[in-house]
Amino acid sequence: MPVTVGVIANPASGRDIRRLVSGASVFDNAEKGRMIYRLLVGLGAAGVERVLLMPATAGVGDSLERNLRAHRTDPTPPRLPDLEVLDLPLQDGPEDSAAATEMMVAAGVSAIVVLGGDGTHRIVAGHCGDTPLCALSTGTNNAFPQVREATIAGLATGFYATGQVPPDLALRQETLLTVRVDGATPREELALVDVALSTDPWIGTRALWRAETISEIIVAFAQPGAVGLSGTAALVDPLPRGSGEALYLRLTDPATAPLVIHAPLAPGLIAPVGVVEWRRIAPGEAVSLEGCLGCLALDGEREIELTPADRATVHLRRDGPRTIDIDAIMTHAAYHGFLRAVAAGR
């Protein structure tokens, strides 16, 4: 069976309402198409033979095809893997990423490269099982995926997929938050970065950006260099990724809060946030949000509308998705000369 990698690119990532209410920029779909091409170059150079691609729409596919046409006219083109587009009718929603992930896992891909924001990665992580993810950021307030050059991401993913780098060096085990809502319509969801309780009664435009509507936050990690809720929590108590703990914060009006932080809630948006309580959470420890009227936001987006009869419980788990550690793999590749060539006669 040929060494195969899956690629999922969300055409809607990087295009939410924060472009209108803050200084966030639009992540162009033409650039996503170029990123996929550069990813193919890296995968091919590492020895990957086949790529399964979620159907690319909204300008992503057109951009990719332009790059592939230019590749075919290059007198000395780089080797690319065979590209196969999944036979998947699109619904133009998160169900597309979920269905594509399940198809790729069933096809036996060695890894899945995801181009999207925290929300896209949350969907894929819920369906990928043990298949590792290479998480590339093309969204807004991203803490889980990385901003990386796609060529290098392709090389790193390819070196892992072809067995040139052992899993214990190449992969990082992530934590995640599970959310269970008990009430009239019980449901369970997961979050990779944060869970927040918003006083907004409706899901609406989904994205969170107004601090005054957020009453409680739980983050799986708190990065001081991040924008959004992970970065907000980090200004109170930095918590490294993979530490094995989570962090809980209860917020209040900054005018009466014992602690006020000026948090970067979105690109170009820094706002005062009042904090009345914070504490760390151990794996398996339950955090209950009871009698809530509002919305639960998962990874920065409102997803679940609550009634006063609902009871929401959040747990930290250590068995989150496995992710490609690009720096670790490329360091290993450099030390072992994966990309070196010896000149003739030497």
# chains A, B, ... in the order shown; residues from 1 in each chain; ligands from 1
call {"tool": "residues_around", "arguments": {"residues": "Asp182 (chain A)", "least_positions_apart": "4", "cutoff": "6 Å", "atoms": "only C-alpha atoms", "output": "PyMOL selection string"}}
result
chain A and resi 186+310-311
call {"tool": "residues_around", "arguments": {"residues": "Val219 (chain A)", "least_positions_apart": "6", "cutoff": "6 Å", "atoms": "only C-alpha atoms", "output": "PyMOL selection string"}}
result
chain A and resi 193-194+246-247
call {"tool": "closest_residue", "arguments": {"among": "A:Pro166, A:Gly231, A:Pro11, A:Pro254", "to": "Phe27 (chain A)", "atoms": "only C-alpha atoms"}}
result
A:Pro11
call {"tool": "closest_residue", "arguments": {"among": "A:Ile324, A:Leu306, A:Leu208, A:Leu90", "to": "Gly183 (chain A)", "atoms": "only C-alpha atoms"}}
result
A:Leu306
call {"tool": "select_by_dssp", "arguments": {"residues": "region 76-319 of chain A", "states": "strand (DSSP E or B)", "output": "PDB file with N, CA and C atoms, in the first residue's frame"}}
result
ATOM      1  N   ASP A  82       0.942  11.385  -5.824  1.00  0.00           N
ATOM      2  CA  ASP A  82      -0.310  11.273  -6.567  1.00  0.00           C
ATOM      3  C   ASP A  82      -1.419  11.905  -5.733  1.00  0.00           C
ATOM      4  N   LEU A  83      -2.205  12.767  -6.351  1.00  0.00           N
ATOM      5  CA  LEU A  83      -3.248  13.503  -5.639  1.00  0.00           C
ATOM      6  C   LEU A  83      -4.607  12.930  -5.985  1.00  0.00           C
ATOM      7  N   GLU A  84      -5.352  12.531  -4.959  1.00  0.00           N
ATOM      8  CA  GLU A  84      -6.684  11.963  -5.148  1.00  0.00           C
ATOM      9  C   GLU A  84      -7.684  12.760  -4.313  1.00  0.00           C
ATOM     10  N   VAL A  85      -8.683  13.329  -4.975  1.00  0.00           N
ATOM     11  CA  VAL A  85      -9.717  14.087  -4.276  1.00  0.00           C
ATOM     12  C   VAL A  85     -10.810  13.130  -3.821  1.00  0.00           C
ATOM     13  N   ALA A 111      -1.105  10.106   8.359  1.00  0.00           N
ATOM     14  CA  ALA A 111      -1.279  11.366   9.082  1.00  0.00           C
ATOM     15  C   ALA A 111      -2.272  12.213   8.302  1.00  0.00           C
ATOM     16  N   ILE A 112      -2.840  13.215   8.974  1.00  0.00           N
ATOM     17  CA  ILE A 112      -3.745  14.164   8.327  1.00  0.00           C
ATOM     18  C   ILE A 112      -3.215  15.567   8.579  1.00  0.00           C
ATOM     19  N   VAL A 113      -2.990  16.319   7.515  1.00  0.00           N
ATOM     20  CA  VAL A 113      -2.597  17.720   7.633  1.00  0.00           C
ATOM     21  C   VAL A 113      -3.863  18.561   7.581  1.00  0.00           C
ATOM     22  N   VAL A 114      -4.036  19.435   8.569  1.00  0.00           N
ATOM     23  CA  VAL A 114      -5.250  20.247   8.670  1.00  0.00           C
ATOM     24  C   VAL A 114      -4.881  21.714   8.523  1.00  0.00           C
ATOM     25  N   LEU A 115      -5.502  22.397   7.576  1.00  0.00           N
ATOM     26  CA  LEU A 115      -5.355  23.841   7.399  1.00  0.00           C
ATOM     27  C   LEU A 115      -6.641  24.476   7.896  1.00  0.00           C
ATOM     28  N   GLY A 116      -6.582  25.128   9.060  1.00  0.00           N
ATOM     29  CA  GLY A 116      -7.783  25.715   9.629  1.00  0.00           C
ATOM     30  C   GLY A 116      -7.489  26.365  10.956  1.00  0.00           C
ATOM     31  N   LEU A 133      -2.146  14.332  13.636  1.00  0.00           N
ATOM     32  CA  LEU A 133      -2.490  15.546  12.903  1.00  0.00           C
ATOM     33  C   LEU A 133      -1.275  16.456  12.779  1.00  0.00           C
ATOM     34  N   CYS A 134      -1.120  17.043  11.607  1.00  0.00           N
ATOM     35  CA  CYS A 134      -0.207  18.171  11.453  1.00  0.00           C
ATOM     36  C   CYS A 134      -1.079  19.412  11.423  1.00  0.00           C
ATOM     37  N   ALA A 135      -0.992  20.237  12.459  1.00  0.00           N
ATOM     38  CA  ALA A 135      -1.941  21.332  12.683  1.00  0.00           C
ATOM     39  C   ALA A 135      -1.362  22.651  12.178  1.00  0.00           C
ATOM     40  N   LEU A 136      -1.931  23.167  11.065  1.00  0.00           N
ATOM     41  CA  LEU A 136      -1.462  24.416  10.460  1.00  0.00           C
ATOM     42  C   LEU A 136      -2.535  25.486  10.579  1.00  0.00           C
ATOM     43  N   SER A 137      -2.162  26.648  11.035  1.00  0.00           N
ATOM     44  CA  SER A 137      -3.105  27.720  11.311  1.00  0.00           C
ATOM     45  C   SER A 137      -3.468  28.505  10.053  1.00  0.00           C
ATOM     46  N   GLN A 146      -0.386  25.726  14.447  1.00  0.00           N
ATOM     47  CA  GLN A 146       0.783  26.589  14.366  1.00  0.00           C
ATOM     48  C   GLN A 146       0.795  27.361  13.049  1.00  0.00           C
ATOM     49  N   LEU A 171       5.939  12.612  17.509  1.00  0.00           N
ATOM     50  CA  LEU A 171       4.568  12.952  17.891  1.00  0.00           C
ATOM     51  C   LEU A 171       4.482  13.509  19.303  1.00  0.00           C
ATOM     52  N   ARG A 172       3.510  14.380  19.498  1.00  0.00           N
ATOM     53  CA  ARG A 172       3.242  14.973  20.803  1.00  0.00           C
ATOM     54  C   ARG A 172       1.810  14.620  21.203  1.00  0.00           C
ATOM     55  N   GLN A 173       1.653  14.087  22.407  1.00  0.00           N
ATOM     56  CA  GLN A 173       0.320  13.754  22.907  1.00  0.00           C
ATOM     57  C   GLN A 173      -0.322  14.994  23.515  1.00  0.00           C
ATOM     58  N   LEU A 176      -7.058  17.416  26.168  1.00  0.00           N
ATOM     59  CA  LEU A 176      -8.292  18.016  25.665  1.00  0.00           C
ATOM     60  C   LEU A 176      -9.277  18.174  26.814  1.00  0.00           C
ATOM     61  N   LEU A 177     -10.303  18.972  26.577  1.00  0.00           N
ATOM     62  CA  LEU A 177     -11.380  19.184  27.539  1.00  0.00           C
ATOM     63  C   LEU A 177     -12.644  18.516  27.007  1.00  0.00           C
ATOM     64  N   THR A 178     -13.314  17.740  27.862  1.00  0.00           N
ATOM     65  CA  THR A 178     -14.598  17.178  27.475  1.00  0.00           C
ATOM     66  C   THR A 178     -15.708  17.936  28.197  1.00  0.00           C
ATOM     67  N   VAL A 179     -16.774  18.192  27.485  1.00  0.00           N
ATOM     68  CA  VAL A 179     -17.904  18.946  28.018  1.00  0.00           C
ATOM     69  C   VAL A 179     -19.153  18.085  27.904  1.00  0.00           C
ATOM     70  N   ARG A 180     -19.808  17.830  29.031  1.00  0.00           N
ATOM     71  CA  ARG A 180     -21.081  17.102  29.012  1.00  0.00           C
ATOM     72  C   ARG A 180     -22.182  18.013  29.533  1.00  0.00           C
ATOM     73  N   VAL A 181     -23.246  18.090  28.762  1.00  0.00           N
ATOM     74  CA  VAL A 181     -24.408  18.882  29.148  1.00  0.00           C
ATOM     75  C   VAL A 181     -25.554  17.926  29.441  1.00  0.00           C
ATOM     76  N   ASP A 182     -26.043  17.927  30.671  1.00  0.00           N
ATOM     77  CA  ASP A 182     -27.184  17.111  31.079  1.00  0.00           C
ATOM     78  C   ASP A 182     -28.398  18.017  31.233  1.00  0.00           C
ATOM     79  N   ARG A 187     -25.827  16.045  25.687  1.00  0.00           N
ATOM     80  CA  ARG A 187     -24.836  15.942  24.614  1.00  0.00           C
ATOM     81  C   ARG A 187     -23.448  16.033  25.213  1.00  0.00           C
ATOM     82  N   GLU A 188     -22.477  15.552  24.470  1.00  0.00           N
ATOM     83  CA  GLU A 188     -21.088  15.621  24.905  1.00  0.00           C
ATOM     84  C   GLU A 188     -20.239  16.133  23.750  1.00  0.00           C
ATOM     85  N   GLU A 189     -19.349  17.074  24.046  1.00  0.00           N
ATOM     86  CA  GLU A 189     -18.470  17.677  23.050  1.00  0.00           C
ATOM     87  C   GLU A 189     -17.058  17.712  23.607  1.00  0.00           C
ATOM     88  N   LEU A 190     -16.103  18.082  22.751  1.00  0.00           N
ATOM     89  CA  LEU A 190     -14.732  18.253  23.208  1.00  0.00           C
ATOM     90  C   LEU A 190     -14.218  19.616  22.781  1.00  0.00           C
ATOM     91  N   ALA A 191     -13.175  20.070  23.463  1.00  0.00           N
ATOM     92  CA  ALA A 191     -12.481  21.306  23.110  1.00  0.00           C
ATOM     93  C   ALA A 191     -10.988  21.056  23.247  1.00  0.00           C
ATOM     94  N   ASP A 194     -10.091  25.721  24.887  1.00  0.00           N
ATOM     95  CA  ASP A 194     -10.830  26.374  25.964  1.00  0.00           C
ATOM     96  C   ASP A 194     -12.322  26.106  25.887  1.00  0.00           C
ATOM     97  N   VAL A 195     -12.945  26.201  27.050  1.00  0.00           N
ATOM     98  CA  VAL A 195     -14.403  26.184  27.195  1.00  0.00           C
ATOM     99  C   VAL A 195     -14.770  27.450  27.949  1.00  0.00           C
ATOM    100  N   ALA A 196     -15.753  28.192  27.455  1.00  0.00           N
ATOM    101  CA  ALA A 196     -16.152  29.442  28.099  1.00  0.00           C
ATOM    102  C   ALA A 196     -17.662  29.492  28.226  1.00  0.00           C
ATOM    103  N   LEU A 197     -18.125  30.096  29.311  1.00  0.00           N
ATOM    104  CA  LEU A 197     -19.550  30.333  29.513  1.00  0.00           C
ATOM    105  C   LEU A 197     -19.843  31.780  29.168  1.00  0.00           C
ATOM    106  N   SER A 198     -20.710  31.973  28.189  1.00  0.00           N
ATOM    107  CA  SER A 198     -21.072  33.310  27.723  1.00  0.00           C
ATOM    108  C   SER A 198     -22.507  33.627  28.126  1.00  0.00           C
ATOM    109  N   ALA A 207     -18.412  33.599  17.140  1.00  0.00           N
ATOM    110  CA  ALA A 207     -17.122  34.023  17.686  1.00  0.00           C
ATOM    111  C   ALA A 207     -17.288  34.855  18.962  1.00  0.00           C
ATOM    112  N   ILE A 214     -18.438  37.155  29.006  1.00  0.00           N
ATOM    113  CA  ILE A 214     -17.813  35.889  29.409  1.00  0.00           C
ATOM    114  C   ILE A 214     -17.733  35.838  30.930  1.00  0.00           C
ATOM    115  N   SER A 215     -18.298  34.800  31.532  1.00  0.00           N
ATOM    116  CA  SER A 215     -18.320  34.710  32.989  1.00  0.00           C
ATOM    117  C   SER A 215     -17.340  33.678  33.551  1.00  0.00           C
ATOM    118  N   GLU A 216     -17.096  32.601  32.812  1.00  0.00           N
ATOM    119  CA  GLU A 216     -16.171  31.565  33.278  1.00  0.00           C
ATOM    120  C   GLU A 216     -15.368  31.013  32.103  1.00  0.00           C
ATOM    121  N   ILE A 217     -14.121  30.645  32.368  1.00  0.00           N
ATOM    122  CA  ILE A 217     -13.234  30.091  31.346  1.00  0.00           C
ATOM    123  C   ILE A 217     -12.498  28.896  31.927  1.00  0.00           C
ATOM    124  N   ILE A 218     -12.351  27.868  31.128  1.00  0.00           N
ATOM    125  CA  ILE A 218     -11.460  26.744  31.446  1.00  0.00           C
ATOM    126  C   ILE A 218     -10.564  26.547  30.234  1.00  0.00           C
ATOM    127  N   VAL A 219      -9.246  26.557  30.428  1.00  0.00           N
ATOM    128  CA  VAL A 219      -8.310  26.394  29.319  1.00  0.00           C
ATOM    129  C   VAL A 219      -7.450  25.157  29.545  1.00  0.00           C
ATOM    130  N   ALA A 222      -2.367  27.592  28.828  1.00  0.00           N
ATOM    131  CA  ALA A 222      -2.432  29.057  28.858  1.00  0.00           C
ATOM    132  C   ALA A 222      -1.112  29.618  28.349  1.00  0.00           C
ATOM    133  N   LEU A 239       0.403  28.460  31.784  1.00  0.00           N
ATOM    134  CA  LEU A 239       0.328  27.009  31.910  1.00  0.00           C
ATOM    135  C   LEU A 239       0.794  26.390  30.605  1.00  0.00           C
ATOM    136  N   ALA A 246      -5.178  21.857  33.770  1.00  0.00           N
ATOM    137  CA  ALA A 246      -5.956  22.894  33.108  1.00  0.00           C
ATOM    138  C   ALA A 246      -6.073  24.082  34.065  1.00  0.00           C
ATOM    139  N   LEU A 247      -6.681  25.166  33.614  1.00  0.00           N
ATOM    140  CA  LEU A 247      -6.804  26.375  34.423  1.00  0.00           C
ATOM    141  C   LEU A 247      -8.235  26.894  34.333  1.00  0.00           C
ATOM    142  N   TYR A 248      -8.824  27.189  35.504  1.00  0.00           N
ATOM    143  CA  TYR A 248     -10.182  27.727  35.592  1.00  0.00           C
ATOM    144  C   TYR A 248     -10.120  29.181  36.031  1.00  0.00           C
ATOM    145  N   LEU A 249     -10.921  30.046  35.390  1.00  0.00           N
ATOM    146  CA  LEU A 249     -11.036  31.451  35.785  1.00  0.00           C
ATOM    147  C   LEU A 249     -12.500  31.840  35.854  1.00  0.00           C
ATOM    148  N   ARG A 250     -12.855  32.581  36.906  1.00  0.00           N
ATOM    149  CA  ARG A 250     -14.184  33.199  36.994  1.00  0.00           C
ATOM    150  C   ARG A 250     -14.010  34.697  36.849  1.00  0.00           C
ATOM    151  N   LEU A 251     -14.767  35.271  35.921  1.00  0.00           N
ATOM    152  CA  LEU A 251     -14.615  36.679  35.572  1.00  0.00           C
ATOM    153  C   LEU A 251     -15.737  37.517  36.163  1.00  0.00           C
ATOM    154  N   THR A 252     -15.495  38.821  36.227  1.00  0.00           N
ATOM    155  CA  THR A 252     -16.491  39.760  36.739  1.00  0.00           C
ATOM    156  C   THR A 252     -16.243  41.122  36.113  1.00  0.00           C
ATOM    157  N   LEU A 259      -8.744  41.724  40.573  1.00  0.00           N
ATOM    158  CA  LEU A 259      -7.636  41.695  39.614  1.00  0.00           C
ATOM    159  C   LEU A 259      -8.163  42.066  38.240  1.00  0.00           C
ATOM    160  N   VAL A 260      -7.492  42.991  37.590  1.00  0.00           N
ATOM    161  CA  VAL A 260      -7.858  43.390  36.227  1.00  0.00           C
ATOM    162  C   VAL A 260      -6.647  43.171  35.323  1.00  0.00           C
ATOM    163  N   ILE A 261      -6.864  42.459  34.213  1.00  0.00           N
ATOM    164  CA  ILE A 261      -5.818  42.274  33.221  1.00  0.00           C
ATOM    165  C   ILE A 261      -6.276  42.898  31.913  1.00  0.00           C
ATOM    166  N   HIS A 262      -5.327  43.338  31.125  1.00  0.00           N
ATOM    167  CA  HIS A 262      -5.629  43.904  29.807  1.00  0.00           C
ATOM    168  C   HIS A 262      -5.262  42.844  28.782  1.00  0.00           C
ATOM    169  N   ALA A 263      -6.289  42.172  28.281  1.00  0.00           N
ATOM    170  CA  ALA A 263      -6.103  40.937  27.528  1.00  0.00           C
ATOM    171  C   ALA A 263      -6.253  41.158  26.024  1.00  0.00           C
ATOM    172  N   PRO A 264      -5.386  40.533  25.212  1.00  0.00           N
ATOM    173  CA  PRO A 264      -5.539  40.541  23.754  1.00  0.00           C
ATOM    174  C   PRO A 264      -6.586  39.517  23.334  1.00  0.00           C
ATOM    175  N   LEU A 265      -7.841  39.932  23.260  1.00  0.00           N
ATOM    176  CA  LEU A 265      -8.938  39.012  22.987  1.00  0.00           C
ATOM    177  C   LEU A 265      -9.048  38.637  21.514  1.00  0.00           C
ATOM    178  N   ALA A 266      -8.542  39.494  20.642  1.00  0.00           N
ATOM    179  CA  ALA A 266      -8.557  39.239  19.202  1.00  0.00           C
ATOM    180  C   ALA A 266      -7.465  40.109  18.582  1.00  0.00           C
ATOM    181  N   LEU A 269      -7.335  43.904  19.276  1.00  0.00           N
ATOM    182  CA  LEU A 269      -8.338  44.180  20.311  1.00  0.00           C
ATOM    183  C   LEU A 269      -7.793  43.791  21.681  1.00  0.00           C
ATOM    184  N   ILE A 270      -7.496  44.790  22.522  1.00  0.00           N
ATOM    185  CA  ILE A 270      -7.068  44.576  23.900  1.00  0.00           C
ATOM    186  C   ILE A 270      -8.110  45.212  24.806  1.00  0.00           C
ATOM    187  N   ALA A 271      -8.630  44.428  25.741  1.00  0.00           N
ATOM    188  CA  ALA A 271      -9.729  44.897  26.579  1.00  0.00           C
ATOM    189  C   ALA A 271      -9.482  44.524  28.035  1.00  0.00           C
ATOM    190  N   PRO A 272      -9.999  45.342  28.993  1.00  0.00           N
ATOM    191  CA  PRO A 272      -9.870  44.983  30.412  1.00  0.00           C
ATOM    192  C   PRO A 272     -10.766  43.804  30.759  1.00  0.00           C
ATOM    193  N   VAL A 273     -10.217  42.873  31.519  1.00  0.00           N
ATOM    194  CA  VAL A 273     -10.952  41.692  31.955  1.00  0.00           C
ATOM    195  C   VAL A 273     -10.808  41.586  33.471  1.00  0.00           C
ATOM    196  N   GLY A 274     -11.930  41.535  34.177  1.00  0.00           N
ATOM    197  CA  GLY A 274     -11.910  41.409  35.626  1.00  0.00           C
ATOM    198  C   GLY A 274     -11.915  39.956  36.052  1.00  0.00           C
ATOM    199  N   VAL A 275     -10.990  39.591  36.944  1.00  0.00           N
ATOM    200  CA  VAL A 275     -10.865  38.203  37.403  1.00  0.00           C
ATOM    201  C   VAL A 275     -11.122  38.166  38.902  1.00  0.00           C
ATOM    202  N   VAL A 276     -12.036  37.289  39.325  1.00  0.00           N
ATOM    203  CA  VAL A 276     -12.372  37.192  40.742  1.00  0.00           C
ATOM    204  C   VAL A 276     -11.849  35.898  41.362  1.00  0.00           C
ATOM    205  N   GLU A 277     -11.568  34.884  40.510  1.00  0.00           N
ATOM    206  CA  GLU A 277     -11.094  33.602  41.034  1.00  0.00           C
ATOM    207  C   GLU A 277     -10.345  32.867  39.935  1.00  0.00           C
ATOM    208  N   TRP A 278      -9.295  32.139  40.322  1.00  0.00           N
ATOM    209  CA  TRP A 278      -8.625  31.237  39.385  1.00  0.00           C
ATOM    210  C   TRP A 278      -7.973  30.103  40.157  1.00  0.00           C
ATOM    211  N   ARG A 279      -7.908  28.941  39.504  1.00  0.00           N
ATOM    212  CA  ARG A 279      -7.273  27.768  40.117  1.00  0.00           C
ATOM    213  C   ARG A 279      -6.951  26.760  39.034  1.00  0.00           C
ATOM    214  N   ARG A 280      -5.996  25.889  39.338  1.00  0.00           N
ATOM    215  CA  ARG A 280      -5.621  24.840  38.404  1.00  0.00           C
ATOM    216  C   ARG A 280      -6.515  23.609  38.605  1.00  0.00           C
ATOM    217  N   ILE A 281      -6.652  22.841  37.530  1.00  0.00           N
ATOM    218  CA  ILE A 281      -7.532  21.672  37.515  1.00  0.00           C
ATOM    219  C   ILE A 281      -6.716  20.456  37.121  1.00  0.00           C
ATOM    220  N   VAL A 287     -15.434  20.180  36.731  1.00  0.00           N
ATOM    221  CA  VAL A 287     -15.798  21.584  36.955  1.00  0.00           C
ATOM    222  C   VAL A 287     -17.233  21.746  36.481  1.00  0.00           C
ATOM    223  N   SER A 288     -18.142  22.106  37.373  1.00  0.00           N
ATOM    224  CA  SER A 288     -19.560  22.182  37.045  1.00  0.00           C
ATOM    225  C   SER A 288     -19.992  23.619  36.813  1.00  0.00           C
ATOM    226  N   LEU A 289     -20.803  23.801  35.785  1.00  0.00           N
ATOM    227  CA  LEU A 289     -21.422  25.085  35.475  1.00  0.00           C
ATOM    228  C   LEU A 289     -22.921  24.838  35.520  1.00  0.00           C
ATOM    229  N   GLU A 290     -23.588  25.291  36.570  1.00  0.00           N
ATOM    230  CA  GLU A 290     -24.984  24.919  36.802  1.00  0.00           C
ATOM    231  C   GLU A 290     -25.905  26.129  36.714  1.00  0.00           C
ATOM    232  N   GLY A 294     -27.421  30.970  28.818  1.00  0.00           N
ATOM    233  CA  GLY A 294     -26.450  31.572  27.915  1.00  0.00           C
ATOM    234  C   GLY A 294     -25.947  30.528  26.946  1.00  0.00           C
ATOM    235  N   CYS A 295     -24.675  30.643  26.574  1.00  0.00           N
ATOM    236  CA  CYS A 295     -24.081  29.718  25.618  1.00  0.00           C
ATOM    237  C   CYS A 295     -22.756  29.191  26.141  1.00  0.00           C
ATOM    238  N   LEU A 296     -22.459  27.949  25.797  1.00  0.00           N
ATOM    239  CA  LEU A 296     -21.124  27.416  26.000  1.00  0.00           C
ATOM    240  C   LEU A 296     -20.348  27.598  24.712  1.00  0.00           C
ATOM    241  N   ALA A 297     -19.175  28.178  24.832  1.00  0.00           N
ATOM    242  CA  ALA A 297     -18.294  28.365  23.681  1.00  0.00           C
ATOM    243  C   ALA A 297     -17.157  27.357  23.767  1.00  0.00           C
ATOM    244  N   LEU A 298     -16.858  26.708  22.662  1.00  0.00           N
ATOM    245  CA  LEU A 298     -15.792  25.726  22.579  1.00  0.00           C
ATOM    246  C   LEU A 298     -14.732  26.242  21.618  1.00  0.00           C
ATOM    247  N   GLU A 301     -15.690  29.648  20.021  1.00  0.00           N
ATOM    248  CA  GLU A 301     -16.917  29.814  19.255  1.00  0.00           C
ATOM    249  C   GLU A 301     -18.108  29.265  20.033  1.00  0.00           C
ATOM    250  N   ARG A 302     -19.188  30.049  20.113  1.00  0.00           N
ATOM    251  CA  ARG A 302     -20.400  29.610  20.801  1.00  0.00           C
ATOM    252  C   ARG A 302     -21.024  28.433  20.056  1.00  0.00           C
ATOM    253  N   GLU A 303     -21.236  27.332  20.783  1.00  0.00           N
ATOM    254  CA  GLU A 303     -21.709  26.101  20.153  1.00  0.00           C
ATOM    255  C   GLU A 303     -22.990  25.560  20.776  1.00  0.00           C
ATOM    256  N   ILE A 304     -23.199  25.763  22.082  1.00  0.00           N
ATOM    257  CA  ILE A 304     -24.305  25.118  22.782  1.00  0.00           C
ATOM    258  C   ILE A 304     -25.122  26.166  23.524  1.00  0.00           C
ATOM    259  N   GLU A 305     -26.413  26.278  23.202  1.00  0.00           N
ATOM    260  CA  GLU A 305     -27.309  27.179  23.923  1.00  0.00           C
ATOM    261  C   GLU A 305     -27.850  26.450  25.155  1.00  0.00           C
ATOM    262  N   LEU A 306     -27.777  27.114  26.304  1.00  0.00           N
ATOM    263  CA  LEU A 306     -28.144  26.505  27.582  1.00  0.00           C
ATOM    264  C   LEU A 306     -29.431  27.105  28.136  1.00  0.00           C
ATOM    265  N   ARG A 311     -27.138  21.389  33.108  1.00  0.00           N
ATOM    266  CA  ARG A 311     -25.958  21.308  33.960  1.00  0.00           C
ATOM    267  C   ARG A 311     -24.781  20.888  33.085  1.00  0.00           C
ATOM    268  N   ALA A 312     -23.781  21.738  33.011  1.00  0.00           N
ATOM    269  CA  ALA A 312     -22.614  21.459  32.176  1.00  0.00           C
ATOM    270  C   ALA A 312     -21.431  21.079  33.061  1.00  0.00           C
ATOM    271  N   THR A 313     -20.732  20.023  32.676  1.00  0.00           N
ATOM    272  CA  THR A 313     -19.575  19.544  33.423  1.00  0.00           C
ATOM    273  C   THR A 313     -18.389  19.417  32.480  1.00  0.00           C
ATOM    274  N   VAL A 314     -17.236  19.926  32.920  1.00  0.00           N
ATOM    275  CA  VAL A 314     -16.023  19.927  32.097  1.00  0.00           C
ATOM    276  C   VAL A 314     -14.943  19.108  32.795  1.00  0.00           C
ATOM    277  N   HIS A 315     -14.256  18.248  32.036  1.00  0.00           N
ATOM    278  CA  HIS A 315     -13.137  17.457  32.545  1.00  0.00           C
ATOM    279  C   HIS A 315     -11.917  17.659  31.639  1.00  0.00           C
ATOM    280  N   LEU A 316     -10.739  17.575  32.220  1.00  0.00           N
ATOM    281  CA  LEU A 316      -9.492  17.546  31.464  1.00  0.00           C
ATOM    282  C   LEU A 316      -9.077  16.098  31.248  1.00  0.00           C
ATOM    283  N   ARG A 317      -8.710  15.786  29.988  1.00  0.00           N
ATOM    284  CA  ARG A 317      -8.221  14.445  29.666  1.00  0.00           C
ATOM    285  C   ARG A 317      -6.828  14.527  29.046  1.00  0.00           C
TER     286      ARG A 317
END
call {"tool": "residues_around", "arguments": {"residues": "region 125-128 of chain A", "least_positions_apart": "3", "cutoff": "8 Å", "atoms": "only C-alpha atoms", "output": "VMD selection string"}}
result
chain A and resid 98 101 to 102 105 121 to 122 131 to 132 190 320 to 321
call {"tool": "closest_residue", "arguments": {"among": "A:Gly337, A:Ala45, A:Leu40, A:Asp92", "to": "Leu68 (chain A)", "atoms": "only C-alpha atoms"}}
result
A:Leu40
call {"tool": "select_by_dssp", "arguments": {"residues": "region 16-229 of chain A", "states": "alpha helix (DSSP H)", "output": "PyMOL selection string"}}
result
chain A and resi 18-21+29-46+60-73+94-106+118-125+150-161+167-170+229
call {"tool": "atom_distance", "arguments": {"atom1": "CA of Asp327 (chain A)", "atom2": "CA of Pro145 (chain A)"}}
result
13.8 Å
call {"tool": "decode", "arguments": {"residues": "region 72-78 of chain A", "atoms": "N, CA, C and O atoms", "output": "CSV table (one decimal), in the first residue's frame"}}
result
chain,number,residue,atom,x,y,z
A,72,ARG,N,3.3,21.5,-14.0
A,72,ARG,CA,3.4,20.6,-15.2
A,72,ARG,C,4.2,21.2,-16.3
A,72,ARG,O,4.7,20.4,-17.2
A,73,THR,N,4.4,22.5,-16.4
A,73,THR,CA,5.2,23.1,-17.4
A,73,THR,C,6.6,23.4,-17.0
A,73,THR,O,7.4,23.9,-17.8
A,74,ASP,N,6.9,23.1,-15.7
A,74,ASP,CA,8.3,23.3,-15.2
A,74,ASP,C,9.2,22.2,-15.9
A,74,ASP,O,8.9,21.0,-15.8
A,75,PRO,N,10.4,22.7,-16.5
A,75,PRO,CA,11.3,21.7,-17.1
A,75,PRO,C,11.9,20.7,-16.1
A,75,PRO,O,12.3,19.6,-16.4
A,76,THR,N,12.1,21.2,-14.9
A,76,THR,CA,12.6,20.3,-13.8
A,76,THR,C,11.7,20.4,-12.6
A,76,THR,O,12.1,20.9,-11.5
A,77,PRO,N,10.5,19.8,-12.7
A,77,PRO,CA,9.5,20.0,-11.6
A,77,PRO,C,9.9,19.1,-10.4
A,77,PRO,O,10.5,18.0,-10.5
A,78,PRO,N,9.6,19.6,-9.1
A,78,PRO,CA,9.7,18.7,-8.0
A,78,PRO,C,8.8,17.6,-8.0
A,78,PRO,O,7.7,17.7,-8.6
